[in-house]
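Q: Pasting structure-v1.csv here (CSV, C-alpha atoms):
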```
chain,number,residue,atom,x,y,z
A,11,MET,CA,188.9,138.5,85.8
A,12,GLY,CA,189.0,140.8,82.8
A,13,ALA,CA,185.3,140.0,82.0
A,14,LEU,CA,184.3,141.9,85.1
A,15,HIS,CA,185.0,145.2,83.4
A,16,GLY,CA,183.3,147.1,80.6
A,17,ARG,CA,180.8,145.6,78.2
A,18,ASP,CA,181.4,142.0,79.4
A,19,SER,CA,180.3,142.8,82.9
A,20,ALA,CA,177.0,144.2,81.6
A,21,LEU,CA,176.4,141.1,79.5
A,22,ILE,CA,177.2,138.8,82.5
A,23,VAL,CA,174.6,140.6,84.7
A,24,LYS,CA,172.0,140.5,81.9
A,25,GLU,CA,172.4,136.9,80.7
A,26,PHE,CA,174.0,134.8,83.5
A,27,ASN,CA,173.0,133.9,87.1
A,28,SER,CA,176.2,132.0,88.0
A,29,VAL,CA,179.9,132.7,87.6
A,30,THR,CA,183.2,130.8,88.1
A,31,PRO,CA,186.8,132.1,88.0
A,32,GLU,CA,189.0,130.9,85.2
A,33,ASN,CA,192.4,131.0,87.0
A,34,ASP,CA,192.2,133.2,90.0
A,35,MET,CA,191.2,130.5,92.6
A,36,LYS,CA,193.5,127.8,91.4
A,37,MET,CA,196.2,126.7,93.9
A,38,GLY,CA,199.2,128.1,92.1
A,39,PRO,CA,197.9,131.6,91.4
A,40,ILE,CA,196.1,132.1,94.8
A,41,HIS,CA,198.7,130.4,97.0
A,42,PRO,CA,202.1,130.8,95.4
A,43,SER,CA,204.2,130.2,98.5
A,44,GLU,CA,203.5,128.8,101.9
A,45,ASN,CA,202.6,131.9,103.7
A,46,VAL,CA,201.4,134.0,100.8
A,47,TYR,CA,197.9,134.2,99.4
A,48,ASN,CA,196.9,136.4,96.4
A,49,TRP,CA,193.3,137.4,97.3
A,50,LYS,CA,192.9,140.4,95.1
A,51,ASN,CA,191.4,138.9,91.9
A,52,ALA,CA,189.4,136.2,93.7
A,53,ASP,CA,187.9,138.7,96.1
A,54,ALA,CA,187.0,141.0,93.2
A,55,ILE,CA,185.1,138.1,91.5
A,56,VAL,CA,183.2,137.2,94.6
A,57,ASP,CA,182.4,140.9,95.4
A,58,PHE,CA,181.1,141.4,91.8
A,59,ALA,CA,178.9,138.3,92.0
A,60,VAL,CA,177.5,139.0,95.4
A,61,SER,CA,176.7,142.7,94.6
A,62,HIS,CA,174.7,141.5,91.5
A,63,HIS,CA,173.0,138.5,93.3
A,64,ILE,CA,174.9,136.0,91.1
A,65,LYS,CA,175.8,132.6,92.4
A,66,ILE,CA,179.5,131.5,92.5
A,67,ARG,CA,181.2,128.2,91.7
A,68,GLY,CA,184.6,127.8,93.2
A,69,HIS,CA,187.3,126.4,90.8
A,70,ASN,CA,189.3,124.6,92.0
A,71,LEU,CA,191.0,123.2,95.2
A,72,CYS,CA,193.3,120.5,94.0
A,73,TRP,CA,194.7,120.0,90.5
A,74,HIS,CA,197.9,118.7,88.9
A,75,ASN,CA,198.1,121.8,86.6
A,76,GLN,CA,198.8,125.3,87.9
A,77,GLU,CA,199.7,123.6,91.2
A,78,ALA,CA,201.7,125.3,94.0
A,79,ALA,CA,205.1,123.8,93.4
A,80,TRP,CA,206.3,124.6,96.9
A,81,MET,CA,203.8,122.1,98.3
A,82,PHE,CA,205.9,119.2,97.1
A,83,THR,CA,209.2,120.1,98.8
A,84,GLY,CA,209.8,119.4,102.4
A,85,PRO,CA,211.8,121.6,104.9
A,86,ASP,CA,214.9,119.6,104.1
A,87,GLY,CA,214.7,120.5,100.4
A,88,LYS,CA,213.7,116.9,99.4
A,89,GLN,CA,210.4,115.5,98.3
A,90,VAL,CA,207.7,116.3,100.9
A,91,SER,CA,206.3,113.4,103.0
A,92,LYS,CA,202.8,112.2,102.4
A,93,GLU,CA,201.7,113.4,105.8
A,94,LEU,CA,203.0,116.9,105.4
A,95,LEU,CA,201.6,117.2,101.9
A,96,LEU,CA,198.1,116.2,103.1
A,97,GLN,CA,198.4,118.7,106.0
A,98,ARG,CA,199.4,121.5,103.5
A,99,LEU,CA,196.4,120.5,101.3
A,100,LYS,CA,194.1,120.7,104.4
A,101,ASP,CA,195.5,124.1,105.4
A,102,HIS,CA,195.0,125.4,101.8
A,103,ILE,CA,191.5,124.2,101.5
A,104,PHE,CA,190.5,125.4,105.0
A,105,THR,CA,191.9,128.9,104.3
A,106,VAL,CA,190.3,129.3,100.8
A,107,VAL,CA,187.0,127.7,101.5
A,108,LYS,CA,186.4,129.4,104.8
A,109,ARG,CA,187.2,132.8,103.4
A,110,TYR,CA,184.3,132.4,101.0
A,111,LYS,CA,182.0,130.4,103.2
A,112,GLY,CA,178.4,131.4,102.6
A,113,LYS,CA,179.3,133.1,99.3
A,114,ILE,CA,180.5,130.3,97.2
A,115,TYR,CA,177.8,127.7,96.9
A,116,ALA,CA,179.8,124.9,95.1
A,117,TRP,CA,183.4,123.9,94.7
A,118,ASP,CA,185.3,121.8,92.1
A,119,VAL,CA,187.2,120.1,94.8
A,120,VAL,CA,189.4,117.8,92.8
A,121,ASN,CA,190.0,118.5,89.1
A,122,GLU,CA,191.1,116.0,86.4
A,123,ALA,CA,192.6,113.2,88.6
A,124,VAL,CA,191.7,110.4,86.2
A,125,ASP,CA,194.1,109.0,83.7
A,126,ASP,CA,193.7,109.9,80.0
A,127,SER,CA,195.2,106.8,78.4
A,128,ASN,CA,193.3,103.9,76.9
A,129,ASP,CA,194.9,101.6,79.5
A,130,THR,CA,191.8,100.5,81.4
A,131,THR,CA,193.8,99.2,84.3
A,132,GLN,CA,195.3,102.7,85.0
A,133,VAL,CA,192.4,104.7,86.6
A,134,TYR,CA,194.3,107.6,88.2
A,135,ARG,CA,196.6,110.2,86.7
A,136,LYS,CA,200.2,109.8,87.9
A,137,SER,CA,200.3,113.3,89.3
A,138,ASN,CA,202.6,114.6,92.0
A,139,TRP,CA,199.6,114.2,94.4
A,140,TYR,CA,199.2,110.6,93.4
A,141,LYS,CA,202.9,109.7,93.5
A,142,ILE,CA,203.6,111.3,96.9
A,143,CYS,CA,200.5,109.8,98.4
A,144,ASP,CA,201.2,106.5,96.8
A,145,GLY,CA,197.6,106.3,95.5
A,146,PRO,CA,194.4,108.3,95.4
A,147,GLU,CA,194.1,109.0,99.1
A,148,PHE,CA,194.4,112.8,98.4
A,149,ILE,CA,191.1,112.8,96.5
A,150,GLU,CA,189.1,111.5,99.5
A,151,ALA,CA,191.0,113.8,101.8
A,152,ALA,CA,190.3,116.9,99.7
A,153,PHE,CA,186.6,116.3,99.8
A,154,ARG,CA,186.6,115.7,103.6
A,155,TYR,CA,188.6,118.8,104.2
A,156,ALA,CA,186.3,120.9,102.0
A,157,HIS,CA,183.2,119.6,103.7
A,158,GLU,CA,184.6,120.3,107.1
A,159,ALA,CA,185.6,123.8,106.0
A,160,ASP,CA,182.0,124.6,104.7
A,161,PRO,CA,179.4,121.9,105.4
A,162,GLY,CA,176.9,123.8,103.3
A,163,ALA,CA,178.8,123.9,100.1
A,164,LYS,CA,178.1,121.5,97.2
A,165,LEU,CA,181.2,119.5,96.3
A,166,PHE,CA,182.1,118.3,92.8
A,167,TYR,CA,184.6,116.1,91.1
A,168,ASN,CA,185.4,117.8,87.8
A,169,ASP,CA,186.9,116.3,84.6
A,170,TYR,CA,186.9,116.5,80.8
A,171,ASN,CA,186.2,113.9,78.1
A,172,SER,CA,183.7,112.4,80.6
A,173,GLU,CA,181.6,111.0,77.8
A,174,HIS,CA,184.4,109.1,76.0
A,175,PRO,CA,183.9,105.4,76.9
A,176,VAL,CA,187.3,104.4,78.4
A,177,LYS,CA,187.6,107.6,80.5
A,178,ARG,CA,183.9,107.5,81.4
A,179,GLU,CA,184.3,104.1,83.0
A,180,LYS,CA,187.4,105.2,84.9
A,181,ILE,CA,185.5,108.2,86.2
A,182,TYR,CA,182.7,106.0,87.2
A,183,LYS,CA,185.1,103.7,89.2
A,184,LEU,CA,186.5,106.8,91.0
A,185,LEU,CA,183.0,108.1,91.8
A,186,LYS,CA,181.7,104.7,93.0
A,187,LYS,CA,184.6,104.3,95.4
A,188,LEU,CA,183.9,107.8,96.8
A,189,VAL,CA,180.2,107.0,97.2
A,190,ASP,CA,180.8,103.6,98.7
A,191,ASP,CA,183.3,105.0,101.2
A,192,HIS,CA,180.8,107.7,102.2
A,193,VAL,CA,183.0,110.6,101.1
A,194,PRO,CA,181.0,113.9,101.1
A,195,ILE,CA,180.6,114.4,97.3
A,196,ASP,CA,177.5,115.9,95.8
A,197,GLY,CA,178.1,115.7,92.1
A,198,VAL,CA,180.2,115.6,89.0
A,199,GLY,CA,181.4,118.4,86.9
A,200,MET,CA,181.5,117.4,83.2
A,201,GLN,CA,183.7,120.1,81.6
A,202,ALA,CA,182.0,119.9,78.2
A,203,HIS,CA,184.8,121.2,76.0
A,204,TRP,CA,183.0,119.8,73.0
A,205,LYS,CA,183.2,119.8,69.2
A,206,LEU,CA,180.7,119.9,66.3
A,207,ASN,CA,180.8,116.1,66.1
A,208,ASP,CA,181.6,115.1,69.7
A,209,PRO,CA,180.1,113.9,71.9
A,210,SER,CA,177.3,111.9,70.3
A,211,ALA,CA,173.9,111.8,71.9
A,212,ASP,CA,174.3,108.2,73.0
A,213,GLU,CA,177.7,108.9,74.7
A,214,LEU,CA,176.2,111.9,76.6
A,215,ARG,CA,173.2,109.9,77.8
A,216,LYS,CA,175.4,107.0,78.9
A,217,ALA,CA,177.6,109.3,80.9
A,218,MET,CA,174.6,110.9,82.5
A,219,ASP,CA,173.0,107.5,83.3
A,220,GLU,CA,176.2,106.2,85.0
A,221,VAL,CA,176.6,109.3,87.2
A,222,THR,CA,173.0,109.6,88.2
A,223,SER,CA,172.9,105.8,89.0
A,224,LEU,CA,175.2,106.7,91.9
A,225,GLY,CA,172.7,109.3,93.3
A,226,LEU,CA,175.0,112.2,92.2
A,227,LYS,CA,174.0,115.4,90.6
A,228,VAL,CA,175.6,116.8,87.4
A,229,GLN,CA,176.9,120.2,86.4
A,230,PHE,CA,178.3,121.1,83.0
A,231,THR,CA,181.1,123.3,84.2
A,232,GLU,CA,183.2,124.6,81.3
A,233,LEU,CA,180.9,124.4,78.2
A,234,ASP,CA,182.1,125.5,74.8
A,235,ILE,CA,181.7,123.9,71.4
A,236,THR,CA,184.6,124.7,69.1
A,237,ILE,CA,184.1,124.9,65.3
A,238,ARG,CA,187.6,123.4,64.8
A,239,LEU,CA,187.6,119.7,64.1
A,240,PRO,CA,190.6,117.6,65.1
A,241,ARG,CA,193.4,117.1,62.5
A,242,PRO,CA,193.2,113.7,60.9
A,243,ARG,CA,195.6,111.1,62.3
A,244,PRO,CA,198.1,109.5,60.0
A,245,ALA,CA,196.9,106.1,58.6
A,246,PRO,CA,198.9,103.0,59.7
A,247,GLY,CA,202.2,103.0,57.9
A,248,GLU,CA,201.8,106.5,56.5
A,249,VAL,CA,205.0,108.6,56.5
A,250,THR,CA,204.6,112.1,57.8
A,251,ALA,CA,206.9,115.1,57.6
A,252,VAL,CA,209.2,115.7,60.5
A,253,GLY,CA,208.5,118.8,62.5
A,254,PRO,CA,205.4,120.6,63.7
A,255,THR,CA,202.3,120.4,61.7
A,256,PRO,CA,201.3,123.8,60.3
A,257,PRO,CA,198.1,125.1,61.8
A,258,THR,CA,194.9,124.7,59.8
A,259,PRO,CA,194.0,128.2,58.3
A,260,ASP,CA,191.2,130.0,60.1
A,261,ALA,CA,188.2,129.8,57.7
A,262,GLY,CA,186.1,132.0,59.9
A,263,TYR,CA,182.6,131.6,61.2
A,264,THR,CA,180.9,130.4,58.0
A,265,PRO,CA,177.2,129.7,57.6
A,266,GLU,CA,178.1,126.0,57.3
A,267,VAL,CA,179.8,125.8,60.7
A,268,GLU,CA,177.2,128.1,62.2
A,269,ALA,CA,174.5,125.6,61.3
A,270,LYS,CA,176.5,122.6,62.6
A,271,GLN,CA,177.2,124.5,65.9
A,272,MET,CA,173.5,125.4,66.3
A,273,ALA,CA,172.6,121.7,65.8
A,274,GLN,CA,175.2,120.5,68.3
A,275,TYR,CA,174.1,123.0,70.9
A,276,LYS,CA,170.4,122.0,70.3
A,277,MET,CA,171.2,118.3,70.7
A,278,VAL,CA,173.1,118.7,74.0
A,279,PHE,CA,170.5,121.1,75.5
A,280,ASP,CA,167.6,118.8,74.4
A,281,ILE,CA,169.4,116.1,76.4
A,282,PHE,CA,170.0,118.4,79.3
A,283,ARG,CA,166.3,119.0,79.5
A,284,GLU,CA,165.6,115.3,79.6
A,285,TYR,CA,167.8,115.1,82.7
A,286,LYS,CA,166.9,118.4,84.2
A,287,LYS,CA,166.1,116.8,87.6
A,288,SER,CA,169.7,115.7,87.9
A,289,ILE,CA,171.4,118.8,86.4
A,290,THR,CA,171.9,121.7,88.8
A,291,GLY,CA,174.0,124.0,86.6
A,292,VAL,CA,175.5,124.8,83.2
A,293,THR,CA,178.5,127.1,83.0
A,294,PHE,CA,180.1,128.4,79.8
A,295,TRP,CA,183.8,128.8,79.7
A,296,ASN,CA,184.0,132.5,79.1
A,297,VAL,CA,181.5,135.0,77.9
A,298,SER,CA,181.8,135.6,74.1
A,299,ASP,CA,183.7,134.7,71.0
A,300,ARG,CA,185.8,137.8,71.5
A,301,TYR,CA,188.0,135.7,73.8
A,302,SER,CA,188.2,131.9,74.4
A,303,TRP,CA,191.1,129.8,75.8
A,304,LEU,CA,190.6,127.7,72.6
A,305,ASP,CA,191.7,130.5,70.4
A,306,ALA,CA,195.3,130.0,71.5
A,307,ARG,CA,195.2,126.2,71.8
A,308,GLY,CA,196.8,123.9,69.3
A,309,GLY,CA,194.4,122.4,66.8
A,310,GLY,CA,193.0,119.0,67.4
A,311,LEU,CA,193.5,118.9,71.1
A,312,ALA,CA,190.5,117.8,73.2
A,313,GLY,CA,189.6,119.1,76.6
A,314,GLY,CA,191.8,119.5,79.6
A,315,ALA,CA,193.9,122.2,81.1
A,316,ALA,CA,191.4,124.9,80.3
A,317,ALA,CA,193.2,128.2,80.8
A,318,GLY,CA,196.3,126.3,81.8
A,319,ALA,CA,199.5,128.2,81.9
A,320,ASN,CA,201.4,126.3,79.1
A,321,VAL,CA,199.2,126.7,76.0
A,322,PRO,CA,200.6,127.7,72.7
A,323,ARG,CA,199.9,131.3,71.6
A,324,VAL,CA,199.0,130.8,68.0
A,325,ILE,CA,195.6,132.4,67.5
A,326,ARG,CA,193.0,130.5,65.5
A,327,LYS,CA,189.5,131.5,66.4
A,328,ALA,CA,187.3,128.7,67.8
A,329,TYR,CA,184.0,130.7,67.9
A,330,PRO,CA,182.7,128.3,70.7
A,331,LEU,CA,180.2,130.4,72.6
A,332,LEU,CA,176.7,131.9,72.4
A,333,PHE,CA,177.7,135.5,71.9
A,334,ASP,CA,179.8,136.8,69.0
A,335,GLU,CA,182.8,139.1,69.1
A,336,ASN,CA,180.5,142.1,69.3
A,337,LEU,CA,178.7,140.5,72.3
A,338,GLN,CA,175.6,139.9,70.3
A,339,ARG,CA,173.5,136.8,70.5
A,340,LYS,CA,174.4,134.2,67.9
A,341,LYS,CA,171.7,131.9,66.4
A,342,ALA,CA,173.0,129.1,68.6
A,343,TYR,CA,171.8,131.1,71.6
A,344,TRP,CA,168.2,130.3,70.6
A,345,SER,CA,169.0,126.6,70.4
A,346,VAL,CA,169.8,126.9,74.1
A,347,VAL,CA,167.2,129.2,75.5
A,348,SER,CA,164.2,128.1,73.4
A,349,PHE,CA,161.9,125.7,75.1
```
Would you encode the structure as structure tokens?

A:
Amino acid sequence: MGALHGRDSALIVKEFNSVTPENDMKMGPIHPSENVYNWKNADAIVDFAVSHHIKIRGHNLCWHNQEAAWMFTGPDGKQVSKELLLQRLKDHIFTVVKRYKGKIYAWDVVNEAVDDSNDTTQVYRKSNWYKICDGPEFIEAAFRYAHEADPGAKLFYNDYNSEHPVKREKIYKLLKKLVDDHVPIDGVGMQAHWKLNDPSADELRKAMDEVTSLGLKVQFTELDITIRLPRPRPAPGEVTAVGPTPPTPDAGYTPEVEAKQMAQYKMVFDIFREYKKSITGVTFWNVSDRYSWLDARGGGLAGGAAAGANVPRVIRKAYPLLFDENLQRKKAYWSVVSF
């Protein structure tokens, strides 16, 4: 929301043709209690984009993080029934999607519903949605509700670490089930919270090949490439100190990391161009290095919960975007726009 004011807004109008909200359309912020909706910020984003002829991606309709906690409690104060939870989900989706029908061209309908562990038998995240519905029925339901609310909107499943082999295969299983069951899904949002050494070109191509084999489109929905590498994991048998690991000092945006970031941006956008018939959008997660959700995120954490409510507030700059802290184009910018 803050990016719509001052210099950031001018940069958005000049450099971007699509926007997405960070927090302001998520279920918890926009629908904090059963009969209360907070439209102010979401409306302002939509009005700004419409007035400047900029497309809008809606983000998101169903997520385990920043969820509306009241949805999971029934009138008797106990855990809500599956039937009532799905009715509340339908009411929420109908209200939000219909409000912006004809203005928001695409929605992240379900966000991050796939399990993160290396257990290949556990496909779905054990969220409140999953537990109360006793399975993944809420995912199909959310897509059907969104399509009914706005048949013209493009509908996406959105997730992070989509290129990592174990999670990639879990996401593929989810998508194949949705396609086989004729659920109205148009594509996959790959969040693309990436690092200087991750993903590899082979991992990215494999993820693209699997999604497109199902006839689905791809959008990269939350792209940033942090300069901070993960902290090394202890070796087997290694004894580590008890207590929190002190943060790695911020070394700044050095020429060395600048060159590595340029190379990573070039690699991924070269692949994007290879698959340009299947990619319908690329969204960066914020505007410039002046602010990124990664700046306040613990070192070494990968993907997920972008702009979530419970991130640590230790600032270490990640310098992940194409514009610097003064809103000037970085060298990496030319790795992206140069053809």

Q: Which one is closest to Trp295 of chain A: A:Trp49, A:Phe282, A:Phe230, A:Tyr263? Count all atoms listed in the file.

A: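 Of all the options, A:Phe230 lies closest to Trp295 of chain A.
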
Q: For Asn27 of chain A, work out the shell of residues within 10 Å, counting only C-alpha atoms and skipping chain neighbours fewer than 5 positions away, then give it as a ChimeraX atom specification.

A: /A:22,59,62-66,291,293

Q: Could you work out how far atom CA of Gly68 of chain A lies from atom CA of Lys186 of chain A, giving the answer in Å with one decimal?

A: 23.3 Å

Q: Write out as a Markdown table a residue-level contact list of segment 80-123 of chain A versus segment 188-195 of chain A with cut-off 12 Å: for each qualifying residue the closest pair of atoms and the distance in Å to one decimal, counting all atoms listed in the file, rows sorted by chain and residue number upward.

A:
```
| residue | atom | partner | partner_atom | distance |
| --- | --- | --- | --- | --- |
| A:Ala116 | CA | A:Ile195 | CA | 10.8 |
| A:Trp117 | CA | A:Ile195 | CA | 10.2 |
| A:Asp118 | CA | A:Ile195 | CA | 10.2 |
| A:Val119 | CA | A:Ile195 | CA | 9.1 |
| A:Val120 | CA | A:Ile195 | CA | 10.5 |
```

Q: Show which residues sit within 10 Å of Phe148 of chain A, as a PyMOL selection string. Count all atoms listed in the file, and ignore same-chain residues fewer than 2 positions away.

A: chain A and resi 72+92+95-96+99-100+120+123+139-140+142-146+150-154

Q: Can you tell me how far atom CA of Phe26 of chain A sits from atom CA of Ile55 of chain A, in Å to one decimal?

A: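 The value is 14.1 Å.
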
Q: Enter the distance from atom CA of Asn207 of chain A to atom CA of Lys270 of chain A, in Å, rounded to one decimal.

A: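 If I compute the distance from atom CA of Asn207 of chain A to atom CA of Lys270 of chain A, I get 8.5 Å.
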
Q: Have a look at A:Pro209, A:Gly262, A:Pro39, A:Gly199 and name the one nearest to Lys227 of chain A; count all atoms listed in the file.

A: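 Result for the nearest residue to Lys227 of chain A: A:Gly199.
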
Q: Taking (196.9, 123.2, 96.3) in the file's coordinates as the center, which residues reach within 9 Å of it, counting only C-alpha atoms, put as a list in words?

A: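 Residues found, by chain and rising number: Lys36, Met37, Gly38, His41, Asn70, Leu71, Cys72, Trp73, His74, Gln76, Glu77, Ala78, Ala79, Met81, Arg98, Leu99, Lys100, His102 and Ile103 of chain A.
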
Q: Using all atoms listed in the file, pick whichever of A:Lys286, A:Lys113, A:Lys141, A:Lys327 has the shortest atom-to-atom distance to Gln89 of chain A.

A: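 Smallest distance to Gln89 of chain A is found for A:Lys141.
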
Q: Which residues come within 9 Å of Leu233 of chain A, counting only C-alpha atoms, excluding same-chain residues fewer than 6 positions away, as a PDB file with C-alpha atoms, in the coordinates of the input?

A:
```pdb
ATOM      1  CA  MET A 200     181.500 117.400  83.200  1.00  0.00           C
ATOM      2  CA  GLN A 201     183.700 120.100  81.600  1.00  0.00           C
ATOM      3  CA  ALA A 202     182.000 119.900  78.200  1.00  0.00           C
ATOM      4  CA  HIS A 203     184.800 121.200  76.000  1.00  0.00           C
ATOM      5  CA  TRP A 204     183.000 119.800  73.000  1.00  0.00           C
ATOM      6  CA  VAL A 292     175.500 124.800  83.200  1.00  0.00           C
ATOM      7  CA  THR A 293     178.500 127.100  83.000  1.00  0.00           C
ATOM      8  CA  PHE A 294     180.100 128.400  79.800  1.00  0.00           C
ATOM      9  CA  TRP A 295     183.800 128.800  79.700  1.00  0.00           C
ATOM     10  CA  ASN A 296     184.000 132.500  79.100  1.00  0.00           C
ATOM     11  CA  PRO A 330     182.700 128.300  70.700  1.00  0.00           C
ATOM     12  CA  LEU A 331     180.200 130.400  72.600  1.00  0.00           C
TER      13      LEU A 331
END
```

Q: Determine, counting only C-alpha atoms, which protein, DNA and RNA residues have an atom within 12 Å of an atom of Asp212 of chain A; residues of the same chain fewer than 2 positions away are not included. Present the result as a list in words.

A: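 Counting only the stated atoms, we get Glu173, His174, Pro175, Asp208, Pro209, Ser210, Leu214, Arg215, Lys216, Ala217, Met218, Asp219, Met277, Val278 and Ile281 of chain A.
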
Q: Using only C-alpha atoms, pick whichever of A:Ser223, A:Asn51, A:Ser19, A:Ser61 has the shortest atom-to-atom distance to Glu32 of chain A.

A: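 Closest to Glu32 of chain A, using only C-alpha atoms: A:Asn51.
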
Q: For a quick check of understanding, using all atoms listed in the file, which of A:Lys50, A:His69, A:Arg326, A:Lys111 has the smallest distance to Tyr301 of chain A?

A: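 Checking each of A:Lys50, A:His69, A:Arg326, A:Lys111 against Tyr301 of chain A, counting all atoms listed in the file, the winner is A:Arg326.
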
Q: Could you check the closest approach to Trp303 of chain A for each of A:Ala273, A:Arg283, A:Ile325, A:Val198 and tell me which residue wins, using all atoms listed in the file?

A: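 Ranked by minimum distance to Trp303 of chain A, first place goes to A:Ile325.
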